[in-house]
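Printed here is coords_16.txt (compact mmCIF, C-alpha atoms):
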```txt
# COMPACT_ATOMS: atom_id res chain seq x y z
CA MET A 1 -31.48 19.56 -3.12
CA ASN A 2 -29.51 22.16 -5.06
CA ASP A 3 -26.00 21.37 -3.69
CA GLY A 4 -24.64 24.71 -4.88
CA ARG A 5 -26.12 24.65 -8.39
CA PRO A 6 -27.51 28.09 -9.40
CA LEU A 7 -31.26 28.49 -9.50
CA PRO A 8 -32.82 28.46 -12.98
CA THR A 9 -32.78 31.71 -14.96
CA GLU A 10 -35.79 33.00 -16.86
CA ASP A 11 -34.30 31.46 -20.00
CA ASP A 12 -34.00 28.10 -18.21
CA ARG A 13 -37.61 28.33 -17.06
CA SER A 14 -38.82 29.20 -20.54
CA ALA A 15 -36.88 26.27 -22.02
CA ILE A 16 -38.50 23.87 -19.57
CA ARG A 17 -41.97 25.23 -20.29
CA GLU A 18 -41.51 25.07 -24.05
CA GLY A 19 -40.06 21.56 -23.92
CA VAL A 20 -42.85 20.21 -21.74
CA ARG A 21 -45.51 22.05 -23.75
CA ALA A 22 -44.24 20.44 -26.93
CA VAL A 23 -45.15 17.06 -25.46
CA VAL A 24 -48.33 17.76 -23.53
CA SER A 25 -49.95 19.81 -26.30
CA LYS A 26 -50.11 16.66 -28.43
CA PHE A 27 -52.69 15.30 -25.98
CA GLY A 28 -55.79 17.44 -26.25
CA ASP A 29 -59.11 17.73 -24.49
CA GLU A 30 -60.64 14.76 -26.26
CA TYR A 31 -57.80 12.46 -25.21
CA TRP A 32 -58.28 13.36 -21.55
CA LEU A 33 -62.07 13.25 -21.79
CA ASP A 34 -61.76 9.72 -23.19
CA ARG A 35 -59.49 8.72 -20.29
CA ASP A 36 -62.00 10.24 -17.89
CA GLU A 37 -64.69 8.09 -19.47
CA ASP A 38 -62.85 4.77 -19.87
CA GLY A 39 -60.43 4.98 -16.95
CA ALA A 40 -57.57 3.58 -19.02
CA PHE A 41 -54.11 4.55 -17.85
CA PRO A 42 -52.63 7.18 -20.22
CA HIS A 43 -49.80 4.94 -21.45
CA GLU A 44 -49.25 7.03 -24.59
CA PHE A 45 -48.78 10.20 -22.54
CA HIS A 46 -46.49 8.45 -20.04
CA ARG A 47 -44.38 7.04 -22.88
CA ALA A 48 -44.14 10.43 -24.62
CA MET A 49 -42.95 12.11 -21.40
CA ALA A 50 -40.41 9.32 -20.82
CA GLU A 51 -39.06 9.50 -24.38
CA ALA A 52 -38.62 13.25 -24.03
CA GLY A 53 -36.61 12.69 -20.83
CA TRP A 54 -38.97 14.44 -18.44
CA LEU A 55 -39.46 11.51 -16.04
CA GLY A 56 -35.86 11.93 -14.90
CA ILE A 57 -35.83 15.67 -14.27
CA THR A 58 -35.04 15.27 -10.55
CA MET A 59 -33.07 12.01 -10.79
CA PRO A 60 -29.25 11.94 -10.44
CA GLU A 61 -27.24 12.60 -13.59
CA ASP A 62 -25.05 9.56 -12.87
CA TYR A 63 -28.06 7.33 -13.58
CA GLY A 64 -29.45 9.13 -16.63
CA GLY A 65 -31.45 11.89 -14.97
CA ALA A 66 -31.16 15.65 -15.27
CA GLY A 67 -30.31 16.22 -11.59
CA LEU A 68 -32.46 19.34 -11.35
CA GLY A 69 -34.27 20.74 -8.36
CA VAL A 70 -37.76 21.34 -7.05
CA THR A 71 -38.00 24.67 -8.85
CA GLU A 72 -37.51 23.05 -12.25
CA ALA A 73 -39.81 20.15 -11.34
CA ALA A 74 -42.50 22.62 -10.24
CA ILE A 75 -42.26 24.54 -13.52
CA MET A 76 -42.56 21.26 -15.41
CA MET A 77 -45.55 20.01 -13.42
CA HIS A 78 -47.33 23.36 -13.65
CA GLU A 79 -47.08 23.11 -17.42
CA VAL A 80 -48.24 19.46 -17.40
CA ALA A 81 -51.35 20.37 -15.40
CA SER A 82 -52.22 23.44 -17.48
CA HIS A 83 -53.31 21.84 -20.76
CA GLY A 84 -56.54 19.97 -20.07
CA GLY A 85 -55.21 16.80 -18.46
CA GLY A 86 -55.62 18.00 -14.88
CA MET A 87 -54.50 15.62 -12.15
CA ALA A 88 -54.74 12.65 -14.51
CA ALA A 89 -51.89 14.10 -16.56
CA ALA A 90 -49.99 15.37 -13.53
CA SER A 91 -50.23 12.14 -11.53
CA THR A 92 -49.04 10.09 -14.50
CA VAL A 93 -45.58 11.66 -14.11
CA HIS A 94 -45.65 13.32 -10.66
CA ILE A 95 -45.19 10.00 -8.91
CA ASN A 96 -41.79 9.59 -10.59
CA LEU A 97 -40.31 12.84 -9.30
CA PHE A 98 -40.05 12.71 -5.51
CA GLY A 99 -41.93 9.54 -4.59
CA PRO A 100 -38.81 7.42 -5.25
CA HIS A 101 -36.64 9.96 -3.38
CA PRO A 102 -35.74 7.47 -0.59
CA ILE A 103 -33.87 5.49 -3.27
CA VAL A 104 -31.87 8.60 -4.22
CA VAL A 105 -31.19 9.60 -0.62
CA LYS A 106 -30.52 6.23 1.03
CA GLY A 107 -30.19 3.66 -1.77
CA THR A 108 -26.85 1.96 -2.36
CA PRO A 109 -25.03 2.55 -5.64
CA GLU A 110 -26.09 -0.95 -6.71
CA GLN A 111 -29.75 -0.20 -5.92
CA LYS A 112 -29.67 3.13 -7.77
CA ALA A 113 -28.07 1.53 -10.82
CA ARG A 114 -30.66 -1.25 -10.74
CA TRP A 115 -33.75 0.90 -10.22
CA VAL A 116 -33.32 4.54 -11.27
CA PRO A 117 -32.62 4.15 -15.02
CA ARG A 118 -35.72 1.97 -15.41
CA LEU A 119 -37.88 4.63 -13.72
CA ILE A 120 -36.43 7.36 -15.93
CA SER A 121 -37.01 5.37 -19.11
CA GLY A 122 -40.55 4.46 -18.12
CA GLN A 123 -39.76 0.72 -18.13
CA ASP A 124 -40.90 0.51 -14.52
CA GLN A 125 -43.87 2.22 -12.94
CA CYS A 126 -44.02 2.43 -9.18
CA ALA A 127 -47.01 2.18 -6.87
CA PHE A 128 -46.71 3.59 -3.36
CA GLY A 129 -48.02 1.55 -0.46
CA PHE A 130 -47.88 4.03 2.41
CA THR A 131 -51.40 4.90 3.60
CA GLU A 132 -53.48 2.43 5.62
CA PRO A 133 -57.22 2.49 6.33
CA ASP A 134 -56.84 2.59 10.10
CA ALA A 135 -53.84 4.93 10.23
CA GLY A 136 -54.62 7.70 7.74
CA LEU A 137 -52.17 10.56 8.18
CA ASN A 138 -50.85 9.08 11.44
CA THR A 139 -48.11 7.15 9.66
CA THR A 140 -46.54 5.84 12.87
CA ARG A 141 -49.66 3.71 13.40
CA ILE A 142 -49.30 1.59 10.27
CA LYS A 143 -49.71 -2.15 10.88
CA THR A 144 -48.36 -3.74 7.69
CA PHE A 145 -45.57 -5.91 9.06
CA ALA A 146 -42.37 -7.23 7.48
CA GLU A 147 -41.16 -10.31 9.37
CA LYS A 148 -37.44 -11.11 9.06
CA VAL A 149 -36.85 -14.49 7.41
CA PRO A 150 -33.77 -16.05 5.81
CA GLY A 151 -32.72 -13.92 2.82
CA GLY A 152 -35.26 -11.16 3.36
CA TYR A 153 -38.67 -10.39 4.78
CA LEU A 154 -42.21 -11.75 4.63
CA VAL A 155 -44.81 -8.97 4.42
CA ARG A 156 -48.46 -9.06 5.44
CA GLY A 157 -50.94 -6.20 5.72
CA GLN A 158 -53.06 -3.82 3.72
CA LYS A 159 -52.82 -0.37 2.17
CA VAL A 160 -55.33 2.06 0.72
CA TRP A 161 -55.19 4.82 -1.90
CA THR A 162 -52.29 3.05 -3.57
CA SER A 163 -51.96 4.85 -6.91
CA THR A 164 -51.19 3.05 -10.22
CA ALA A 165 -51.25 -0.44 -8.67
CA GLN A 166 -53.32 -1.63 -11.63
CA VAL A 167 -50.40 -1.01 -14.00
CA ALA A 168 -47.29 -0.77 -11.81
CA SER A 169 -44.46 -3.27 -11.94
CA LYS A 170 -42.84 -2.07 -8.71
CA ILE A 171 -44.09 -1.02 -5.30
CA MET A 172 -42.53 1.10 -2.58
CA LEU A 173 -43.79 -0.28 0.71
CA LEU A 174 -43.75 1.36 4.10
CA THR A 175 -43.87 -1.33 6.79
CA ARG A 176 -43.24 -1.97 10.42
CA THR A 177 -40.35 -4.26 11.27
CA THR A 178 -40.83 -3.60 14.98
CA ARG A 179 -44.32 -3.32 16.38
CA TYR A 180 -45.46 0.09 17.60
CA GLU A 181 -45.82 -1.02 21.21
CA ASP A 182 -42.24 -2.34 21.26
CA CYS A 183 -40.62 0.91 20.07
CA LYS A 184 -39.11 3.63 22.25
CA ARG A 185 -40.39 6.31 19.89
CA PRO A 186 -43.44 6.14 17.62
CA THR A 187 -41.27 6.85 14.57
CA ASP A 188 -38.93 3.92 15.27
CA GLY A 189 -39.31 0.48 13.72
CA ILE A 190 -40.54 1.59 10.28
CA THR A 191 -38.78 0.21 7.19
CA ILE A 192 -39.05 1.01 3.47
CA PHE A 193 -38.80 -1.52 0.66
CA TYR A 194 -38.80 -1.12 -3.12
CA THR A 195 -39.64 -4.41 -4.73
CA ASP A 196 -41.58 -6.23 -7.43
CA LEU A 197 -45.35 -5.91 -7.26
CA ASP A 198 -46.08 -9.64 -7.12
CA ARG A 199 -49.77 -10.00 -7.94
CA ALA A 200 -49.75 -13.59 -6.70
CA LYS A 201 -49.21 -12.19 -3.19
CA ILE A 202 -50.81 -8.75 -3.53
CA ASP A 203 -54.54 -8.48 -4.24
CA VAL A 204 -55.27 -5.15 -5.95
CA GLN A 205 -58.82 -3.77 -5.79
CA ARG A 206 -59.61 -0.57 -7.66
CA ILE A 207 -61.46 2.22 -5.80
CA PRO A 208 -64.11 4.00 -7.93
CA LYS A 209 -63.70 7.72 -7.34
CA MET A 210 -64.78 11.22 -8.23
CA GLY A 211 -61.93 12.28 -10.53
CA ARG A 212 -58.50 11.32 -11.86
CA LYS A 213 -60.10 8.13 -13.15
CA ALA A 214 -57.23 7.36 -15.54
CA VAL A 215 -54.70 7.12 -12.71
CA ASP A 216 -56.09 4.35 -10.58
CA SER A 217 -56.34 4.33 -6.78
CA ASN A 218 -56.56 1.00 -5.00
CA ALA A 219 -56.94 -0.95 -1.81
CA ILE A 220 -54.25 -3.63 -1.71
CA PHE A 221 -54.07 -6.73 0.48
CA ILE A 222 -50.64 -8.27 1.03
CA ASP A 223 -50.44 -11.90 2.11
CA GLY A 224 -46.99 -13.44 2.41
CA LEU A 225 -45.06 -11.23 -0.02
CA PHE A 226 -41.39 -12.18 0.08
CA VAL A 227 -39.06 -9.18 -0.21
CA PRO A 228 -35.35 -9.91 -0.71
CA GLU A 229 -32.89 -8.26 1.66
CA GLU A 230 -31.39 -6.30 -1.23
CA ASP A 231 -34.76 -4.57 -1.79
CA ARG A 232 -34.67 -2.84 1.59
CA ILE A 233 -33.85 0.88 1.38
CA GLY A 234 -31.43 2.06 4.05
CA GLU A 235 -31.36 0.73 7.58
CA GLU A 236 -34.05 -1.43 9.08
CA GLY A 237 -36.29 0.62 11.36
CA LYS A 238 -35.15 4.03 10.05
CA GLY A 239 -37.63 4.41 7.21
CA PHE A 240 -39.78 7.13 8.74
CA SER A 241 -36.95 9.66 8.54
CA TYR A 242 -36.31 8.75 4.89
CA ILE A 243 -39.79 9.68 3.70
CA LEU A 244 -39.47 13.14 5.27
CA HIS A 245 -37.05 14.14 2.49
CA SER A 246 -39.85 14.04 -0.08
CA LEU A 247 -42.70 15.68 1.86
CA ASN A 248 -41.96 19.35 1.18
CA PRO A 249 -41.21 18.85 -2.53
CA GLU A 250 -44.46 16.92 -2.89
CA ARG A 251 -46.43 19.75 -1.31
CA VAL A 252 -44.88 22.22 -3.76
CA LEU A 253 -45.71 20.02 -6.74
CA ILE A 254 -49.33 19.53 -5.65
CA ALA A 255 -49.60 23.31 -5.23
CA VAL A 256 -48.41 24.13 -8.73
CA GLU A 257 -50.52 21.39 -10.26
CA ALA A 258 -53.64 22.81 -8.61
CA ILE A 259 -52.65 26.29 -9.78
CA GLY A 260 -52.17 25.00 -13.32
CA ILE A 261 -55.62 23.41 -13.34
CA GLY A 262 -57.16 26.60 -11.96
CA GLN A 263 -55.45 28.74 -14.58
CA ASP A 264 -56.56 26.37 -17.33
CA ALA A 265 -60.15 26.61 -16.10
CA LEU A 266 -59.87 30.39 -15.78
CA ARG A 267 -58.68 30.73 -19.39
CA ARG A 268 -61.64 28.68 -20.58
CA ALA A 269 -64.06 30.75 -18.51
CA THR A 270 -62.61 34.02 -19.78
CA ARG A 271 -62.84 32.88 -23.39
CA TYR A 272 -66.44 31.79 -22.88
CA ALA A 273 -67.31 35.10 -21.18
CA LYS A 274 -66.04 36.98 -24.24
CA GLU A 275 -67.94 34.81 -26.71
CA ARG A 276 -71.24 34.17 -24.93
CA VAL A 277 -73.78 36.85 -25.83
CA VAL A 278 -76.93 37.32 -23.73
CA PHE A 279 -79.19 40.39 -23.90
CA ASP A 280 -77.15 41.62 -26.87
CA ARG A 281 -73.84 41.86 -24.98
CA PRO A 282 -71.07 39.45 -24.04
CA ILE A 283 -71.57 38.22 -20.51
CA GLY A 284 -67.94 39.15 -19.78
CA GLN A 285 -68.99 42.82 -19.98
CA ASN A 286 -70.97 42.35 -16.78
CA GLN A 287 -69.13 42.99 -13.52
CA GLY A 288 -70.96 40.08 -11.95
CA ILE A 289 -68.95 37.88 -14.31
CA GLN A 290 -65.75 39.97 -14.46
CA HIS A 291 -65.06 40.48 -10.79
CA PRO A 292 -65.08 36.83 -9.61
CA LEU A 293 -62.75 35.88 -12.49
CA ALA A 294 -60.40 38.77 -11.69
CA GLU A 295 -60.38 37.77 -8.03
CA LYS A 296 -59.52 34.16 -8.88
CA TRP A 297 -56.65 35.35 -11.09
CA MET A 298 -55.17 37.25 -8.14
CA TYR A 299 -55.44 34.28 -5.80
CA LEU A 300 -53.77 31.98 -8.33
CA GLU A 301 -50.89 34.40 -8.91
CA ALA A 302 -50.32 34.86 -5.18
CA ALA A 303 -50.30 31.09 -4.61
CA TRP A 304 -47.77 30.68 -7.43
CA LEU A 305 -45.40 33.13 -5.74
CA MET A 306 -45.61 31.19 -2.48
CA ALA A 307 -44.91 27.92 -4.30
CA MET A 308 -41.86 29.39 -6.04
CA ARG A 309 -40.65 30.78 -2.72
CA ALA A 310 -40.91 27.34 -1.11
CA ALA A 311 -39.11 25.71 -4.05
CA GLU A 312 -36.30 28.25 -3.91
CA LEU A 313 -35.84 27.71 -0.18
CA TYR A 314 -35.69 23.95 -0.63
CA ASP A 315 -33.27 24.15 -3.53
CA THR A 316 -30.90 26.39 -1.58
CA GLY A 317 -30.93 24.15 1.49
CA ARG A 318 -32.98 26.40 3.74
CA PRO A 319 -35.96 25.44 5.93
CA CYS A 320 -39.18 25.54 3.89
CA GLY A 321 -41.79 23.62 5.88
CA ALA A 322 -44.06 26.60 6.50
CA GLU A 323 -43.79 27.86 2.93
CA ALA A 324 -44.27 24.43 1.31
CA ASN A 325 -47.33 23.68 3.42
CA SER A 326 -48.72 27.17 2.82
CA ALA A 327 -48.17 26.78 -0.92
CA LYS A 328 -50.08 23.51 -0.91
CA PHE A 329 -52.95 25.08 1.07
CA LEU A 330 -53.15 28.26 -1.00
CA GLY A 331 -52.56 26.58 -4.36
CA ALA A 332 -55.20 23.93 -3.80
CA ARG A 333 -57.74 26.48 -2.58
CA ALA A 334 -57.04 28.86 -5.44
CA GLY A 335 -57.12 26.14 -8.09
CA HIS A 336 -60.30 24.58 -6.76
CA GLU A 337 -62.13 27.89 -6.46
CA ALA A 338 -61.04 29.01 -9.93
CA ALA A 339 -62.29 25.75 -11.42
CA TRP A 340 -65.64 26.17 -9.68
CA GLN A 341 -65.90 29.77 -10.89
CA ALA A 342 -65.28 28.50 -14.42
CA VAL A 343 -68.25 26.15 -14.07
CA MET A 344 -70.39 29.00 -12.78
CA THR A 345 -69.30 31.29 -15.62
CA HIS A 346 -70.45 28.72 -18.16
CA GLY A 347 -73.83 28.46 -16.47
CA GLY A 348 -75.72 25.35 -17.50
CA PHE A 349 -73.04 24.52 -20.06
CA GLY A 350 -70.52 24.31 -17.22
CA TYR A 351 -72.33 21.17 -16.14
CA ALA A 352 -71.83 19.63 -19.57
CA LYS A 353 -68.75 17.51 -20.27
CA GLU A 354 -68.46 19.16 -23.68
CA TYR A 355 -66.87 22.25 -22.13
CA HIS A 356 -64.43 20.33 -19.88
CA VAL A 357 -64.65 22.70 -16.90
CA GLU A 358 -66.72 20.25 -14.86
CA ARG A 359 -63.93 17.70 -15.32
CA LEU A 360 -61.28 20.23 -14.28
CA TYR A 361 -63.34 21.03 -11.19
CA ARG A 362 -63.41 17.34 -10.25
CA GLU A 363 -59.69 17.04 -10.93
CA ALA A 364 -58.87 20.08 -8.78
CA SER A 365 -60.83 18.82 -5.79
CA LEU A 366 -58.26 16.12 -5.07
CA THR A 367 -55.57 18.69 -4.36
CA ARG A 368 -57.45 19.95 -1.30
CA LEU A 369 -57.65 16.45 0.17
CA ALA A 370 -54.24 14.90 -0.43
CA PRO A 371 -51.50 14.25 0.45
CA ILE A 372 -52.20 16.28 3.58
CA THR A 373 -55.42 17.89 4.71
CA GLU A 374 -55.98 21.61 5.09
CA GLN A 375 -56.64 21.12 8.78
CA LEU A 376 -53.26 19.53 9.46
CA ILE A 377 -51.54 22.29 7.51
CA MET A 378 -53.22 24.88 9.72
CA CYS A 379 -52.19 22.90 12.79
CA PHE A 380 -48.59 22.88 11.51
CA ILE A 381 -48.55 26.65 10.93
CA ALA A 382 -50.17 27.31 14.31
CA GLU A 383 -47.61 25.18 16.14
CA LYS A 384 -44.40 25.73 14.16
CA VAL A 385 -44.84 29.34 13.03
CA LEU A 386 -47.12 30.92 15.63
CA ASP A 387 -45.71 28.89 18.53
CA LEU A 388 -49.14 27.81 19.74
CA PRO A 389 -49.60 24.58 21.74
CA LYS A 390 -49.86 21.39 19.71
CA SER A 391 -53.53 20.54 19.26
CA TYR A 392 -53.43 16.85 18.40
```
Render the structure in this file as structure tokens.
Amino acid sequence: MNDGRPLPTEDDRSAIREGVRAVVSKFGDEYWLDRDEDGAFPHEFHRAMAEAGWLGITMPEDYGGAGLGVTEAAIMMHEVASHGGGMAAASTVHINLFGPHPIVVKGTPEQKARWVPRLISGQDQCAFGFTEPDAGLNTTRIKTFAEKVPGGYLVRGQKVWTSTAQVASKIMLLTRTTRYEDCKRPTDGITIFYTDLDRAKIDVQRIPKMGRKAVDSNAIFIDGLFVPEEDRIGEEGKGFSYILHSLNPERVLIAVEAIGIGQDALRRATRYAKERVVFDRPIGQNQGIQHPLAEKWMYLEAAWLMAMRAAELYDTGRPCGAEANSAKFLGARAGHEAAWQAVMTHGGFGYAKEYHVERLYREASLTRLAPITEQLIMCFIAEKVLDLPKSY
């Protein structure tokens, strides 16, 4: 949160964009197409972003970070997503920004000193074990259990859609330390740990998927993982409230990443429409081509304004739930639809990997699905903004 620091000026925003662009522009279409083909984690890109200091943009200055807000992080991630890498590029660094936020909010000084500098430098990569196959978005129903034992906890359970577990050295685990049926409130009894990803006790199985192949998603099976007491974040049983701090920033970042992908695809479509000649005229002279592209530009720009509004509210300590959720909904829709229109503009060539728009379309689709569905966002707006009865 901003804590009284002024919001970034236009000069600040330009400096962030130019600094990020200087790094990401070194990794062109062919690099990302290769990662889409081979599924290898983009270590070179991750290292370049770390060496330039961008992994610590939201981390506290006391531990080597820049201490900046959601607005600056959103500008950075929009630029990352806008240069051909799509969600593969964005997810490589996104996970560092607000995923570890419970450490910043509730970690002890010793924990921050031990963990944060290594995240900023890129020495550690963190996987997030939150989602479970039988719980989905109903986080209170997770079953992974951390049993108290001398010196720490013994964890057993399973998670799904755990990103970067193929390459991560650390894992942030959301567990139950009190079973659901024994809690007064559903949100009680949940505890967060940040600990070593011990592959002797955690079986990691990659999930083949539609896009973002370079940033792996996994099912993980945890059998007797010992977690030392000093790797617990905050109080036992209070973990659910800690993860709430990062939800709205994450929605804003997903929104701007989707917008960046959509704008990238739109630029490619516009360029193709100017160059492609059929019946002795560029296809971009035809209103049937022009109008859908113009419409997608408007949707993307409107979604960007909502995302910036949500970021500003968060950074100035004001409620932003409705705006952050709306930004995620609108940004993902606009980005996805722009990417599809880019495929359509290219015609048959849009289906070819050579032109990259089919890859951007696959990358953009993820933003409509995660980390929260469109349906739950509409439920939230209906209940919290329109004061309609809760529907689930």
For this session: Rank A:Asp36, A:Glu301, A:Glu236, A:Asp134 by their smallest atom-to-atom distance to Ala89 (chain A), using all atoms listed in the file, and report the top residue only.
Result: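 Using all atoms listed in the file, Ala89 (chain A) sits closest to A:Asp36.
Coordinates place CA of Thr177 (chain A) at a distance of 21.8 Å from CA of Trp161 (chain A).
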For this session: Go through A:Val80, A:Val256, A:Ile222, A:Ala342 and flag the residue nearest Ser25 (chain A), using only C-alpha atoms for the distances.
Result: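 Ranking A:Val80, A:Val256, A:Ile222, A:Ala342 by distance to Ser25 (chain A), first place goes to A:Val80.
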For this session: Determine, counting only C-alpha atoms, which protein, DNA and RNA residues have an atom within 7 Å of an atom of Gly86 (chain A); residues of the same chain fewer than 3 positions away are not included. Present the result as a list in words.
Result: Ala81, Ser82, Ala89, Ala90, Ile261, Leu360 and Glu363 of chain A
Give me, as JSON lines, each residue of region 24-90 of chain A that comes within 8 Å of region 106-118 of chain A, together with its shortest interatomic pair and the distance in Å at one decimal, counting all atoms listed in the file, with rows ordered by chain and rising residue number.
```
{"residue": "A:Met59", "atom": "CA", "partner": "A:Val116", "partner_atom": "CA", "distance": 7.5}
{"residue": "A:Tyr63", "atom": "CA", "partner": "A:Pro117", "partner_atom": "CA", "distance": 5.7}
{"residue": "A:Gly64", "atom": "CA", "partner": "A:Pro117", "partner_atom": "CA", "distance": 6.1}
{"residue": "A:Gly65", "atom": "CA", "partner": "A:Pro117", "partner_atom": "CA", "distance": 7.8}
```
Save the residues we just selected, C-alpha atoms, as an mmCIF file, in the coordinates of the input?
```cif
data_model
loop_
_atom_site.group_PDB
_atom_site.id
_atom_site.type_symbol
_atom_site.label_atom_id
_atom_site.label_comp_id
_atom_site.auth_asym_id
_atom_site.auth_seq_id
_atom_site.Cartn_x
_atom_site.Cartn_y
_atom_site.Cartn_z
ATOM 1 C CA MET A 59 -33.070 12.010 -10.790
ATOM 2 C CA TYR A 63 -28.060 7.330 -13.580
ATOM 3 C CA GLY A 64 -29.450 9.130 -16.630
ATOM 4 C CA GLY A 65 -31.450 11.890 -14.970
#
```
Problem set entry | 12 Å contact set for Pro186 (chain A), all atoms listed in the file, chain neighbours under 3 positions out, as a PyMOL selection string | chain A and resi 138-142+176+178-183+189-190+237-238+240-241
For this session: Counting all atoms listed in the file, figure out which residue out of A:Trp297, A:Phe221, A:Phe279, A:Tyr351 gets nearest to Arg267 (chain A).
Result: A:Trp297
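Between CA of Phe98 (chain A) and CA of Ser246 (chain A) the interatomic distance comes to 5.6 Å.
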Exercise. Which of these, A:Glu354, A:Glu383, A:Glu257, A:Glu250, has the shortest distance to Ala324 (chain A) once you count all atoms listed in the file?
Worked result: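 Selected residue with least distance to Ala324 (chain A): A:Glu250.
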Exercise. Using all atoms listed in the file, which residues sit within 12 Å of region 309-322 of chain A once same-chain residues fewer than 6 positions away are excluded, as number ranges by chain?
Worked result: A: 1-8, 58, 67-75, 244-253, 255-256, 302-303, 328-330, 376-386
Counting all atoms listed in the file, which residues sit no farther than 10 Å from the position (-58.2, 35.9, -12.2) in the file's frame? I'd like them as a compact mmCIF listing (two decimals) with C-alpha atoms, in the coordinates of the input.
```
# COMPACT_ATOMS: atom_id res chain seq x y z
CA GLY A 262 -57.16 26.60 -11.96
CA GLN A 263 -55.45 28.74 -14.58
CA LEU A 266 -59.87 30.39 -15.78
CA ARG A 267 -58.68 30.73 -19.39
CA THR A 270 -62.61 34.02 -19.78
CA GLN A 290 -65.75 39.97 -14.46
CA HIS A 291 -65.06 40.48 -10.79
CA PRO A 292 -65.08 36.83 -9.61
CA LEU A 293 -62.75 35.88 -12.49
CA ALA A 294 -60.40 38.77 -11.69
CA GLU A 295 -60.38 37.77 -8.03
CA LYS A 296 -59.52 34.16 -8.88
CA TRP A 297 -56.65 35.35 -11.09
CA MET A 298 -55.17 37.25 -8.14
CA TYR A 299 -55.44 34.28 -5.80
CA LEU A 300 -53.77 31.98 -8.33
CA GLU A 301 -50.89 34.40 -8.91
CA ALA A 334 -57.04 28.86 -5.44
CA ALA A 338 -61.04 29.01 -9.93
CA GLN A 341 -65.90 29.77 -10.89
```
Exercise. How many Å separate CA of Tyr272 (chain A) from CA of Gly347 (chain A)?
Worked result: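 Spanning CA of Tyr272 (chain A) to CA of Gly347 (chain A) is a straight-line distance of 10.3 Å.
Taking all atoms listed in the file into account, Val155 (chain A) lies nearest to A:Phe226 out of the set A:Phe128, A:Phe226, A:Tyr355, A:Phe193.
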Your completed region 380-391 of chain A with N, CA and C atoms, as an mmCIF file, in the frame of the given file:
```cif
data_model
loop_
_atom_site.group_PDB
_atom_site.id
_atom_site.type_symbol
_atom_site.label_atom_id
_atom_site.label_comp_id
_atom_site.auth_asym_id
_atom_site.auth_seq_id
_atom_site.Cartn_x
_atom_site.Cartn_y
_atom_site.Cartn_z
ATOM 1 N N PHE A 380 -50.043 22.725 11.653
ATOM 2 C CA PHE A 380 -48.590 22.880 11.510
ATOM 3 C C PHE A 380 -48.185 24.339 11.622
ATOM 4 N N ILE A 381 -48.884 25.213 10.893
ATOM 5 C CA ILE A 381 -48.550 26.650 10.930
ATOM 6 C C ILE A 381 -48.774 27.213 12.333
ATOM 7 N N ALA A 382 -49.872 26.812 12.957
ATOM 8 C CA ALA A 382 -50.170 27.310 14.310
ATOM 9 C C ALA A 382 -49.066 26.933 15.286
ATOM 10 N N GLU A 383 -48.613 25.670 15.188
ATOM 11 C CA GLU A 383 -47.610 25.180 16.140
ATOM 12 C C GLU A 383 -46.194 25.659 15.798
ATOM 13 N N LYS A 384 -45.794 25.499 14.532
ATOM 14 C CA LYS A 384 -44.400 25.730 14.160
ATOM 15 C C LYS A 384 -44.077 27.196 13.845
ATOM 16 N N VAL A 385 -45.072 27.945 13.386
ATOM 17 C CA VAL A 385 -44.840 29.340 13.030
ATOM 18 C C VAL A 385 -45.323 30.277 14.135
ATOM 19 N N LEU A 386 -46.533 30.035 14.631
ATOM 20 C CA LEU A 386 -47.120 30.920 15.630
ATOM 21 C C LEU A 386 -46.803 30.513 17.062
ATOM 22 N N ASP A 387 -46.135 29.368 17.206
ATOM 23 C CA ASP A 387 -45.710 28.890 18.530
ATOM 24 C C ASP A 387 -46.882 28.650 19.480
ATOM 25 N N LEU A 388 -47.995 28.178 18.917
ATOM 26 C CA LEU A 388 -49.140 27.810 19.740
ATOM 27 C C LEU A 388 -49.016 26.356 20.188
ATOM 28 N N PRO A 389 -49.715 25.972 21.268
ATOM 29 C CA PRO A 389 -49.600 24.580 21.740
ATOM 30 C C PRO A 389 -50.092 23.582 20.703
ATOM 31 N N LYS A 390 -49.435 22.435 20.627
ATOM 32 C CA LYS A 390 -49.860 21.390 19.710
ATOM 33 C C LYS A 390 -51.262 20.940 20.051
ATOM 34 N N SER A 391 -52.118 20.788 19.015
ATOM 35 C CA SER A 391 -53.530 20.540 19.260
ATOM 36 C C SER A 391 -53.959 19.089 19.054
#
```
